[in-house]
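entry11.cif follows (mmCIF, C-alpha atoms and all ligand atoms):
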```
data_upload
#
loop_
_atom_site.group_PDB
_atom_site.id
_atom_site.type_symbol
_atom_site.label_atom_id
_atom_site.label_comp_id
_atom_site.auth_asym_id
_atom_site.auth_seq_id
_atom_site.Cartn_x
_atom_site.Cartn_y
_atom_site.Cartn_z
ATOM 1 C CA MET M 1 -3.462 9.494 -15.761
ATOM 2 C CA GLY M 2 -5.637 6.792 -17.305
ATOM 3 C CA ALA M 3 -5.501 3.066 -16.722
ATOM 4 C CA GLY M 4 -4.413 2.778 -20.367
ATOM 5 C CA TRP M 5 -0.993 4.210 -19.476
ATOM 6 C CA ILE M 6 -0.516 1.688 -16.699
ATOM 7 C CA VAL M 7 -1.579 -1.275 -18.844
ATOM 8 C CA GLY M 8 0.658 0.006 -21.651
ATOM 9 C CA ALA M 9 3.632 0.285 -19.271
ATOM 10 C CA ALA M 10 3.034 -3.246 -17.941
ATOM 11 C CA VAL M 11 2.803 -4.810 -21.428
ATOM 12 C CA THR M 12 5.849 -2.866 -22.665
ATOM 13 C CA GLY M 13 7.721 -3.937 -19.531
ATOM 14 C CA LEU M 14 6.963 -7.617 -20.198
ATOM 15 C CA LEU M 15 8.202 -7.331 -23.793
ATOM 16 C CA ILE M 16 11.348 -5.412 -22.804
ATOM 17 C CA GLY M 17 11.932 -7.911 -19.969
ATOM 18 C CA SER M 18 11.762 -10.735 -22.515
ATOM 19 C CA PHE M 19 14.306 -8.850 -24.657
ATOM 20 C CA LEU M 20 16.529 -8.356 -21.571
ATOM 21 C CA THR M 21 16.725 -12.126 -20.993
ATOM 22 C CA VAL M 22 18.235 -12.365 -24.500
ATOM 23 C CA VAL M 23 20.594 -9.431 -23.796
ATOM 24 C CA THR M 24 21.809 -10.865 -20.476
ATOM 25 C CA GLU M 25 22.572 -14.234 -22.098
ATOM 26 C CA ARG M 26 24.236 -13.027 -25.269
ATOM 27 C CA VAL M 27 26.080 -9.763 -24.561
ATOM 28 C CA PRO M 28 28.522 -11.330 -22.024
ATOM 29 C CA ALA M 29 29.152 -14.143 -24.529
ATOM 30 C CA GLY M 30 29.836 -11.626 -27.297
ATOM 31 C CA GLU M 31 26.914 -12.884 -29.407
ATOM 32 C CA SER M 32 24.534 -10.833 -31.543
ATOM 33 C CA ILE M 33 21.290 -9.814 -29.834
ATOM 34 C CA VAL M 34 19.281 -9.765 -33.083
ATOM 35 C CA ALA M 35 20.162 -12.937 -34.979
ATOM 36 C CA PRO M 36 19.786 -15.884 -35.014
ATOM 37 C CA GLY M 37 16.677 -16.665 -32.929
ATOM 38 C CA SER M 38 16.945 -18.040 -29.388
ATOM 39 C CA ARG M 39 17.638 -21.751 -28.888
ATOM 40 C CA CYS M 40 17.067 -24.212 -26.069
ATOM 41 C CA GLY M 41 20.400 -24.446 -24.207
ATOM 42 C CA ALA M 42 20.111 -28.255 -23.894
ATOM 43 C CA CYS M 43 18.722 -29.647 -27.172
ATOM 44 C CA GLY M 44 19.207 -26.685 -29.520
ATOM 45 C CA LEU M 45 15.514 -26.405 -30.440
ATOM 46 C CA ARG M 46 15.013 -23.035 -32.093
ATOM 47 C CA LEU M 47 12.337 -21.039 -30.276
ATOM 48 C CA GLY M 48 9.385 -19.866 -32.345
ATOM 49 C CA PRO M 49 7.466 -16.593 -32.006
ATOM 50 C CA LEU M 50 4.992 -18.212 -29.579
ATOM 51 C CA ASP M 51 7.834 -19.182 -27.209
ATOM 52 C CA LEU M 52 8.810 -15.531 -26.926
ATOM 53 C CA VAL M 53 5.443 -14.292 -25.626
ATOM 54 C CA PRO M 54 6.373 -13.099 -22.127
ATOM 55 C CA VAL M 55 5.023 -14.894 -19.063
ATOM 56 C CA PHE M 56 2.299 -16.838 -20.922
ATOM 57 C CA SER M 57 4.691 -19.072 -22.864
ATOM 58 C CA TRP M 58 6.590 -19.736 -19.634
ATOM 59 C CA LEU M 59 3.372 -20.624 -17.761
ATOM 60 C CA ALA M 60 2.018 -22.769 -20.629
ATOM 61 C CA LEU M 61 5.211 -24.891 -20.662
ATOM 62 C CA ARG M 62 5.825 -24.498 -16.891
ATOM 63 C CA GLY M 63 9.327 -23.185 -17.588
ATOM 64 C CA ARG M 64 10.481 -26.157 -19.677
ATOM 65 C CA CYS M 65 11.671 -26.640 -23.258
ATOM 66 C CA ARG M 66 8.754 -27.931 -25.378
ATOM 67 C CA ARG M 67 10.875 -30.728 -26.912
ATOM 68 C CA CYS M 68 13.390 -32.005 -24.343
ATOM 69 C CA ARG M 69 11.549 -30.718 -21.209
ATOM 70 C CA THR M 70 14.783 -29.310 -19.793
ATOM 71 C CA SER M 71 14.007 -26.604 -17.236
ATOM 72 C CA ILE M 72 14.779 -23.105 -18.506
ATOM 73 C CA GLY M 73 14.603 -21.817 -14.936
ATOM 74 C CA ILE M 74 12.417 -19.187 -13.325
ATOM 75 C CA GLU M 75 14.807 -16.345 -14.216
ATOM 76 C CA PRO M 76 13.058 -15.206 -17.456
ATOM 77 C CA LEU M 77 9.756 -14.946 -15.576
ATOM 78 C CA VAL M 78 11.323 -12.932 -12.733
ATOM 79 C CA LEU M 79 13.055 -10.566 -15.163
ATOM 80 C CA GLU M 80 9.882 -10.024 -17.232
ATOM 81 C CA LEU M 81 7.657 -9.363 -14.198
ATOM 82 C CA GLY M 82 10.331 -7.211 -12.526
ATOM 83 C CA THR M 83 10.694 -5.034 -15.628
ATOM 84 C CA ALA M 84 6.912 -4.660 -15.918
ATOM 85 C CA ALA M 85 6.598 -3.669 -12.231
ATOM 86 C CA LEU M 86 9.361 -1.046 -12.515
ATOM 87 C CA PHE M 87 7.898 0.396 -15.741
ATOM 88 C CA VAL M 88 4.511 0.817 -14.034
ATOM 89 C CA ALA M 89 6.246 2.484 -11.057
ATOM 90 C CA ILE M 90 8.063 4.861 -13.457
ATOM 91 C CA VAL M 91 4.784 5.837 -15.163
ATOM 92 C CA LEU M 92 3.217 6.559 -11.764
ATOM 93 C CA ARG M 93 6.281 8.572 -10.663
ATOM 94 C CA PHE M 94 6.774 10.748 -13.759
ATOM 95 C CA GLU M 95 3.521 10.852 -15.773
ATOM 96 C CA ASP M 96 5.198 13.126 -18.350
ATOM 97 C CA SER M 97 5.758 11.035 -21.483
ATOM 98 C CA VAL M 98 9.371 11.873 -22.417
ATOM 99 C CA GLU M 99 10.643 11.559 -18.846
ATOM 100 C CA THR M 100 8.799 8.253 -18.517
ATOM 101 C CA VAL M 101 10.483 6.802 -21.600
ATOM 102 C CA ALA M 102 13.892 8.107 -20.488
ATOM 103 C CA PHE M 103 13.635 6.544 -17.023
ATOM 104 C CA CYS M 104 12.268 3.262 -18.415
ATOM 105 C CA VAL M 105 15.470 3.094 -20.490
ATOM 106 C CA LEU M 106 17.469 3.573 -17.270
ATOM 107 C CA VAL M 107 15.726 0.800 -15.307
ATOM 108 C CA ALA M 108 15.917 -1.600 -18.284
ATOM 109 C CA GLY M 109 19.684 -1.029 -18.526
ATOM 110 C CA LEU M 110 20.170 -1.347 -14.753
ATOM 111 C CA LEU M 111 18.156 -4.585 -14.634
ATOM 112 C CA ALA M 112 20.259 -6.167 -17.386
ATOM 113 C CA LEU M 113 23.529 -5.025 -15.766
ATOM 114 C CA SER M 114 22.532 -6.178 -12.270
ATOM 115 C CA TRP M 115 21.393 -9.533 -13.644
ATOM 116 C CA ILE M 116 24.738 -10.132 -15.373
ATOM 117 C CA ASP M 117 26.782 -8.840 -12.409
ATOM 118 C CA LEU M 118 24.991 -11.205 -10.008
ATOM 119 C CA ARG M 119 25.602 -14.174 -12.314
ATOM 120 C CA ILE M 120 29.152 -13.645 -13.572
ATOM 121 C CA LYS M 121 30.426 -10.537 -11.686
ATOM 122 C CA ARG M 122 30.792 -8.431 -14.809
ATOM 123 C CA LEU M 123 29.238 -5.152 -15.925
ATOM 124 C CA PRO M 124 29.618 -5.179 -19.729
ATOM 125 C CA ARG M 125 30.547 -1.700 -20.931
ATOM 126 C CA GLU M 126 28.436 -2.220 -24.055
ATOM 127 C CA ILE M 127 25.286 -2.146 -21.916
ATOM 128 C CA SER M 128 26.380 0.759 -19.677
ATOM 129 C CA TYR M 129 27.317 2.927 -22.655
ATOM 130 C CA THR M 130 24.349 1.920 -24.848
ATOM 131 C CA THR M 131 21.912 2.770 -22.044
ATOM 132 C CA LEU M 132 23.584 6.174 -21.625
ATOM 133 C CA ALA M 133 23.634 6.778 -25.409
ATOM 134 C CA ILE M 134 19.864 6.162 -25.606
ATOM 135 C CA GLY M 135 18.954 7.789 -22.286
ATOM 136 C CA ALA M 136 20.972 11.048 -22.376
ATOM 137 C CA PRO M 137 19.334 12.426 -25.586
ATOM 138 C CA LEU M 138 15.902 11.582 -24.124
ATOM 139 C CA LEU M 139 16.807 13.482 -20.939
ATOM 140 C CA VAL M 140 17.904 16.482 -23.032
ATOM 141 C CA VAL M 141 14.576 16.431 -24.920
ATOM 142 C CA ALA M 142 12.666 16.084 -21.623
ATOM 143 C CA ALA M 143 14.522 19.090 -20.146
ATOM 144 C CA LEU M 144 13.700 21.207 -23.223
ATOM 145 C CA VAL M 145 10.048 20.070 -23.321
ATOM 146 C CA ASP M 146 9.708 20.933 -19.617
ATOM 147 C CA ASP M 147 11.411 24.281 -20.309
ATOM 148 C CA GLU M 148 14.071 23.472 -17.703
ATOM 149 C CA PRO M 149 17.336 23.666 -19.702
ATOM 150 C CA ARG M 150 19.223 23.903 -16.390
ATOM 151 C CA ARG M 151 18.726 20.126 -16.095
ATOM 152 C CA ILE M 152 21.002 19.543 -19.095
ATOM 153 C CA TRP M 153 23.925 21.085 -17.199
ATOM 154 C CA THR M 154 23.212 19.317 -13.904
ATOM 155 C CA MET M 155 22.971 16.095 -15.939
ATOM 156 C CA VAL M 156 26.477 16.598 -17.376
ATOM 157 C CA LEU M 157 27.867 17.714 -14.015
ATOM 158 C CA GLY M 158 26.240 14.735 -12.249
ATOM 159 C CA ALA M 159 27.850 12.320 -14.718
ATOM 160 C CA VAL M 160 31.283 13.927 -14.194
ATOM 161 C CA LEU M 161 31.004 14.019 -10.386
ATOM 162 C CA ALA M 162 29.783 10.418 -10.059
ATOM 163 C CA THR M 163 32.520 9.176 -12.391
ATOM 164 C CA LEU M 164 35.289 11.083 -10.552
ATOM 165 C CA PHE M 165 34.050 9.788 -7.196
ATOM 166 C CA MET M 166 33.803 6.157 -8.327
ATOM 167 C CA TRP M 167 37.157 6.390 -10.079
ATOM 168 C CA ALA M 168 38.710 7.676 -6.820
ATOM 169 C CA VAL M 169 37.148 4.745 -4.922
ATOM 170 C CA HIS M 170 38.458 2.377 -7.610
ATOM 171 C CA VAL M 171 42.014 3.730 -7.253
ATOM 172 C CA LEU M 172 41.992 3.979 -3.430
ATOM 173 C CA SER M 173 40.565 0.452 -3.084
ATOM 174 C CA ARG M 174 43.249 -0.809 -5.503
ATOM 175 C CA GLY M 175 40.673 -2.425 -7.742
ATOM 176 C CA GLY M 176 38.422 -3.649 -4.901
ATOM 177 C CA MET M 177 35.840 -1.494 -6.628
ATOM 178 C CA GLY M 178 35.848 -2.832 -10.187
ATOM 179 C CA ASP M 179 36.350 -0.762 -13.323
ATOM 180 C CA GLY M 180 32.922 -1.923 -14.545
ATOM 181 C CA ASP M 181 31.443 0.036 -11.642
ATOM 182 C CA VAL M 182 33.392 3.120 -12.752
ATOM 183 C CA ARG M 183 32.092 2.705 -16.332
ATOM 184 C CA LEU M 184 28.547 2.454 -14.987
ATOM 185 C CA SER M 185 28.800 5.691 -12.980
ATOM 186 C CA PRO M 186 28.349 8.250 -15.848
ATOM 187 C CA LEU M 187 24.925 6.682 -16.503
ATOM 188 C CA LEU M 188 23.857 6.904 -12.861
ATOM 189 C CA GLY M 189 25.336 10.376 -12.404
ATOM 190 C CA ALA M 190 23.626 11.731 -15.537
ATOM 191 C CA TYR M 191 20.158 10.551 -14.511
ATOM 192 C CA LEU M 192 20.519 11.564 -10.852
ATOM 193 C CA GLY M 193 22.063 14.908 -11.839
ATOM 194 C CA TRP M 194 19.162 15.540 -14.225
ATOM 195 C CA LEU M 195 16.771 15.183 -11.268
ATOM 196 C CA GLY M 196 18.991 17.545 -9.232
ATOM 197 C CA LEU M 197 22.640 17.567 -8.167
ATOM 198 C CA ALA M 198 21.715 16.571 -4.585
ATOM 199 C CA TYR M 199 20.391 13.270 -5.943
ATOM 200 C CA VAL M 200 23.923 12.188 -6.946
ATOM 201 C CA PRO M 201 25.370 11.876 -3.399
ATOM 202 C CA VAL M 202 22.046 10.466 -2.154
ATOM 203 C CA GLY M 203 22.053 7.688 -4.772
ATOM 204 C CA LEU M 204 25.712 6.815 -4.188
ATOM 205 C CA PHE M 205 25.278 6.910 -0.400
ATOM 206 C CA LEU M 206 22.301 4.520 -0.609
ATOM 207 C CA ALA M 207 24.366 2.180 -2.838
ATOM 208 C CA PHE M 208 27.295 2.072 -0.393
ATOM 209 C CA LEU M 209 24.923 1.730 2.579
ATOM 210 C CA ALA M 210 23.144 -1.250 1.001
ATOM 211 C CA GLY M 211 26.472 -2.807 -0.043
ATOM 212 C CA SER M 212 27.894 -2.433 3.481
ATOM 213 C CA ILE M 213 24.824 -3.939 5.122
ATOM 214 C CA VAL M 214 24.836 -6.964 2.815
ATOM 215 C CA GLY M 215 28.636 -7.272 3.157
ATOM 216 C CA VAL M 216 28.470 -7.311 6.971
ATOM 217 C CA ILE M 217 25.592 -9.803 6.942
ATOM 218 C CA GLY M 218 27.662 -11.958 4.582
ATOM 219 C CA MET M 219 30.630 -11.937 6.989
ATOM 220 C CA ILE M 220 28.401 -12.709 9.986
ATOM 221 C CA VAL M 221 26.796 -15.733 8.356
ATOM 222 C CA GLY M 222 30.290 -16.732 7.224
ATOM 223 C CA ARG M 223 29.647 -16.997 3.517
ATOM 224 C CA ALA M 224 31.840 -14.047 2.641
ATOM 225 C CA GLY M 225 35.296 -13.211 3.914
ATOM 226 C CA ARG M 226 36.813 -9.771 4.159
ATOM 227 C CA ARG M 227 38.368 -10.294 0.728
ATOM 228 C CA THR M 228 35.303 -11.708 -1.004
ATOM 229 C CA ALA M 229 34.456 -9.354 -3.857
ATOM 230 C CA LEU M 230 30.781 -8.454 -3.771
ATOM 231 C CA PRO M 231 29.313 -7.604 -7.165
ATOM 232 C CA PHE M 232 28.622 -3.909 -6.581
ATOM 233 C CA GLY M 233 26.571 -3.199 -9.730
ATOM 234 C CA PRO M 234 23.267 -4.332 -8.190
ATOM 235 C CA PHE M 235 23.849 -1.999 -5.220
ATOM 236 C CA LEU M 236 24.619 0.951 -7.499
ATOM 237 C CA ALA M 237 21.437 0.135 -9.419
ATOM 238 C CA LEU M 238 19.419 -0.179 -6.207
ATOM 239 C CA GLY M 239 20.749 3.096 -4.768
ATOM 240 C CA THR M 240 19.971 4.897 -8.019
ATOM 241 C CA VAL M 241 16.431 3.525 -8.326
ATOM 242 C CA VAL M 242 15.624 4.269 -4.670
ATOM 243 C CA ALA M 243 16.981 7.820 -5.130
ATOM 244 C CA VAL M 244 14.818 8.250 -8.250
ATOM 245 C CA PHE M 245 11.669 7.299 -6.346
ATOM 246 C CA VAL M 246 12.201 8.714 -2.841
ATOM 247 C CA GLY M 247 15.250 10.983 -3.264
ATOM 248 C CA ASP M 248 13.127 14.140 -2.963
ATOM 249 C CA ALA M 249 11.804 13.007 0.447
ATOM 250 C CA ILE M 250 15.356 12.252 1.645
ATOM 251 C CA ILE M 251 16.714 15.568 0.343
ATOM 252 C CA ASP M 252 13.829 17.493 1.966
ATOM 253 C CA ARG M 253 14.861 16.104 5.349
ATOM 254 C CA ILE M 254 18.570 16.865 4.968
ATOM 255 C CA TRP M 255 18.312 20.281 3.279
ATOM 256 C CA PRO M 256 14.786 21.433 4.110
ATOM 257 C CA THR M 257 15.388 24.886 2.632
ATOM 258 C CA VAL M 258 16.718 23.745 -0.751
HETATM 259 ZN ZN ZN M 301 15.260 -28.395 -25.400
#
```
Take the structure in the file and write it out as structure tokens.
Amino acid sequence: MGAGWIVGAAVTGLLIGSFLTVVTERVPAGESIVAPGSRCGACGLRLGPLDLVPVFSWLALRGRCRRCRTSIGIEPLVLELGTAALFVAIVLRFEDSVETVAFCVLVAGLLALSWIDLRIKRLPREISYTTLAIGAPLLVVAALVDDEPRRIWTMVLGAVLATLFMWAVHVLSRGGMGDGDVRLSPLLGAYLGWLGLAYVPVGLFLAFLAGSIVGVIGMIVGRAGRRTALPFGPFLALGTVVAVFVGDAIIDRIWPTV
């Protein structure tokens, strides 16, 4: 693979990351993501095209509005750079063009959802379902291009299994596991199932492991009680992404013959 692919993935990641900052602000508020243009939250200054250039506009203005100098925070920069880094990692992991696009759609959706869940403890269904509606057809095309139609069925089965499992956790925990997490699970299950059915339990296990570790640490340092609801979306996203990148190594150790 040439350096051109990596540079292309990084630039695309910055642009998509910039778009995700708009999505994470507007979708929870029920606003349109296309019109009108972004405004400064403090003085209402409408942002021009130059203000939307990822990273460079932030650095040029040191993260402040160009009129009222109100800080816009470091979050847009983190989201843009994080998206770019994950897109580059996806290109290095998959190489194949259709798979790469499909998995970039997944990480973009998971970043937006995690970002919103951390801020306001919600996982908007619009984002979960839109990501699945864009990603699933790409996965079908990738399976056909690779001449591995079997992946289409494991994709569907993975989505069903992950959803049933998360729904059971939701019911048994009496809502401790939120319904937003259940609505997110078809997306995770479809992608992990496409890679192989064994990836589904691996991804979910990693999510619950990470959630438990952070939950216990939270209780020890006293910031979270037993009844404090942790936003679980970021852990589901983390478990899924880790399974995408190192799931094959984990599965090789557990089922060496598979
Ligand atoms: Zn302003």
Item to complete: Take atom CA of M:Arg122 and atom CA of M:Gly180 and report the distance between them in Å, one decimal.
Response: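 Computing it gives 6.9 Å between the two atoms.
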Please, which residues in chain M fall within 6 Å of ligand ZN 301 (chain M) when counting all atoms listed in the file, and what is the closest atom pair and distance in Å to one decimal for each, ordered by chain then residue number, as JSON lines?
```
{"residue": "M:Cys40", "atom": "CA", "partner": "M:ZN301", "partner_atom": "ZN", "distance": 4.6}
{"residue": "M:Ala42", "atom": "CA", "partner": "M:ZN301", "partner_atom": "ZN", "distance": 5.1}
{"residue": "M:Cys43", "atom": "CA", "partner": "M:ZN301", "partner_atom": "ZN", "distance": 4.1}
{"residue": "M:Gly44", "atom": "CA", "partner": "M:ZN301", "partner_atom": "ZN", "distance": 6.0}
{"residue": "M:Leu45", "atom": "CA", "partner": "M:ZN301", "partner_atom": "ZN", "distance": 5.4}
{"residue": "M:Cys65", "atom": "CA", "partner": "M:ZN301", "partner_atom": "ZN", "distance": 4.5}
{"residue": "M:Arg67", "atom": "CA", "partner": "M:ZN301", "partner_atom": "ZN", "distance": 5.2}
{"residue": "M:Cys68", "atom": "CA", "partner": "M:ZN301", "partner_atom": "ZN", "distance": 4.2}
{"residue": "M:Thr70", "atom": "CA", "partner": "M:ZN301", "partner_atom": "ZN", "distance": 5.7}
```
Which residues are close to stretch 95-100 of chain M, i.e. within 10 Å by only C-alpha atoms, leaving aside same-chain residues fewer than 2 positions away? Reply as a PDB file with C-alpha atoms, in the coordinates of the input.
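Final output, saved to out-v3.pdb:
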```
ATOM      1  CA  MET M   1      -3.462   9.494 -15.761  1.00  0.00           C
ATOM      2  CA  TRP M   5      -0.993   4.210 -19.476  1.00  0.00           C
ATOM      3  CA  ALA M   9       3.632   0.285 -19.271  1.00  0.00           C
ATOM      4  CA  PHE M  87       7.898   0.396 -15.741  1.00  0.00           C
ATOM      5  CA  VAL M  88       4.511   0.817 -14.034  1.00  0.00           C
ATOM      6  CA  ALA M  89       6.246   2.484 -11.057  1.00  0.00           C
ATOM      7  CA  ILE M  90       8.063   4.861 -13.457  1.00  0.00           C
ATOM      8  CA  VAL M  91       4.784   5.837 -15.163  1.00  0.00           C
ATOM      9  CA  LEU M  92       3.217   6.559 -11.764  1.00  0.00           C
ATOM     10  CA  ARG M  93       6.281   8.572 -10.663  1.00  0.00           C
ATOM     11  CA  ALA M 102      13.892   8.107 -20.488  1.00  0.00           C
ATOM     12  CA  PHE M 103      13.635   6.544 -17.023  1.00  0.00           C
ATOM     13  CA  CYS M 104      12.268   3.262 -18.415  1.00  0.00           C
ATOM     14  CA  VAL M 105      15.470   3.094 -20.490  1.00  0.00           C
ATOM     15  CA  LEU M 106      17.469   3.573 -17.270  1.00  0.00           C
ATOM     16  CA  GLY M 135      18.954   7.789 -22.286  1.00  0.00           C
ATOM     17  CA  LEU M 138      15.902  11.582 -24.124  1.00  0.00           C
ATOM     18  CA  LEU M 139      16.807  13.482 -20.939  1.00  0.00           C
ATOM     19  CA  VAL M 140      17.904  16.482 -23.032  1.00  0.00           C
ATOM     20  CA  VAL M 141      14.576  16.431 -24.920  1.00  0.00           C
ATOM     21  CA  ALA M 142      12.666  16.084 -21.623  1.00  0.00           C
ATOM     22  CA  ALA M 143      14.522  19.090 -20.146  1.00  0.00           C
ATOM     23  CA  VAL M 145      10.048  20.070 -23.321  1.00  0.00           C
ATOM     24  CA  ASP M 146       9.708  20.933 -19.617  1.00  0.00           C
TER      25      ASP M 146
END
```
Discussion item. Take the PyMOL selection byres (((chain M and resi 203) around 12) and not hetatm), run it mentally on this structure, and tell me the resulting residues as a PyMOL selection string.
Written reply: chain M and resi 158+162+185+188-193+195-202+204-210+235-248+250-251
For stretch 130-233 of chain M against stretch 110-120 of chain M, with a cut-off of 12 Å and counting all atoms listed in the file, what is the closest atom pair and its distance in Å to one decimal for every residue that makes the cut, ordered by chain and number, as a tab-separated table?
```
residue	atom	partner	partner_atom	distance
M:Thr130	CA	M:Leu110	CA	11.4
M:Thr131	CA	M:Leu110	CA	8.6
M:Leu132	CA	M:Leu110	CA	10.7
M:Gly135	CA	M:Leu110	CA	11.9
M:Gly178	CA	M:Asp117	CA	11.1
M:Gly180	CA	M:Asp117	CA	9.5
M:Asp181	CA	M:Asp117	CA	10.1
M:Arg183	CA	M:Leu113	CA	11.5
M:Leu184	CA	M:Leu113	CA	9.0
M:Ser185	CA	M:Leu110	CA	11.3
M:Leu187	CA	M:Leu110	CA	9.5
M:Leu188	CA	M:Leu110	CA	9.2
M:Tyr191	CA	M:Leu110	CA	11.9
M:Ala229	CA	M:Leu118	CA	11.4
M:Leu230	CA	M:Leu118	CA	8.9
M:Pro231	CA	M:Asp117	CA	6.0
M:Phe232	CA	M:Asp117	CA	7.9
M:Gly233	CA	M:Ser114	CA	5.6
```
Worksheet item: Taking into account only C-alpha atoms, which residue in the set M:Gly211, M:Gly17, M:Gly222, M:Gly8 is nearest to M:Val55?
Response: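 Among the listed residues, M:Gly17 lies closest to M:Val55.
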Worksheet item: Separation of atom CA of M:Ala3 and atom CA of M:Thr83, in Å?
Response: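 Straight-line distance from atom CA of M:Ala3 to atom CA of M:Thr83 works out to 18.1 Å.
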Worksheet item: Can you tell me, as number ranges by chain, what residues are no more than 8 Å from stretch 18-28 of chain M when counting only C-alpha atoms, ignoring any on the same chain fewer than 5 positions away?
Response: M: 33, 38, 52-54, 76, 79-80, 108, 112-113, 115-116, 124, 126
Export of the given selection (C-alpha atoms) as a PDB file, in the coordinates of the input:
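result_6.pdb written:
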```pdb
ATOM      1  CA  ILE M  33      21.290  -9.814 -29.834  1.00  0.00           C
ATOM      2  CA  SER M  38      16.945 -18.040 -29.388  1.00  0.00           C
ATOM      3  CA  LEU M  52       8.810 -15.531 -26.926  1.00  0.00           C
ATOM      4  CA  VAL M  53       5.443 -14.292 -25.626  1.00  0.00           C
ATOM      5  CA  PRO M  54       6.373 -13.099 -22.127  1.00  0.00           C
ATOM      6  CA  PRO M  76      13.058 -15.206 -17.456  1.00  0.00           C
ATOM      7  CA  LEU M  79      13.055 -10.566 -15.163  1.00  0.00           C
ATOM      8  CA  GLU M  80       9.882 -10.024 -17.232  1.00  0.00           C
ATOM      9  CA  ALA M 108      15.917  -1.600 -18.284  1.00  0.00           C
ATOM     10  CA  ALA M 112      20.259  -6.167 -17.386  1.00  0.00           C
ATOM     11  CA  LEU M 113      23.529  -5.025 -15.766  1.00  0.00           C
ATOM     12  CA  TRP M 115      21.393  -9.533 -13.644  1.00  0.00           C
ATOM     13  CA  ILE M 116      24.738 -10.132 -15.373  1.00  0.00           C
ATOM     14  CA  PRO M 124      29.618  -5.179 -19.729  1.00  0.00           C
ATOM     15  CA  GLU M 126      28.436  -2.220 -24.055  1.00  0.00           C
TER      16      GLU M 126
END
```
Item to complete: Work out how far atom CA of M:Trp194 is from atom CA of M:Thr154, in Å to one decimal.
Response: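 One can read the atom CA of M:Thr154 to atom CA of M:Trp194 distance as 5.5 Å.
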Fill in: Which of M:Ile72, M:Leu123, M:Ala136, M:Ile254 sits closest to M:Val101 [using all atoms listed in the file]
M:Ala136
Discussion item. Considering only C-alpha atoms, can you say which of M:Phe94, M:Val156, M:Arg66, M:Glu31 comes closest to M:Arg46?
Written reply: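 Closest residue, counting only C-alpha atoms: M:Arg66.
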Worksheet item: Using all atoms listed in the file, which of M:Ile217, M:Val182, M:Leu81, M:Ser212 sits nearest M:Ala168?
Response: M:Val182
Practice prompt. Tell me which of M:Gly48, M:Gly82, M:Gly63, M:Ile74 sits closest to M:Ala10, counting only C-alpha atoms.
Written response: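 Distance minimum relative to M:Ala10 lands on M:Gly82.
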Worksheet item: With only C-alpha atoms as the basis for distance, which of M:Gly109, M:Leu59, M:Trp167, M:Gly218 is at the shortest distance from M:Tyr129?
Response: M:Gly109
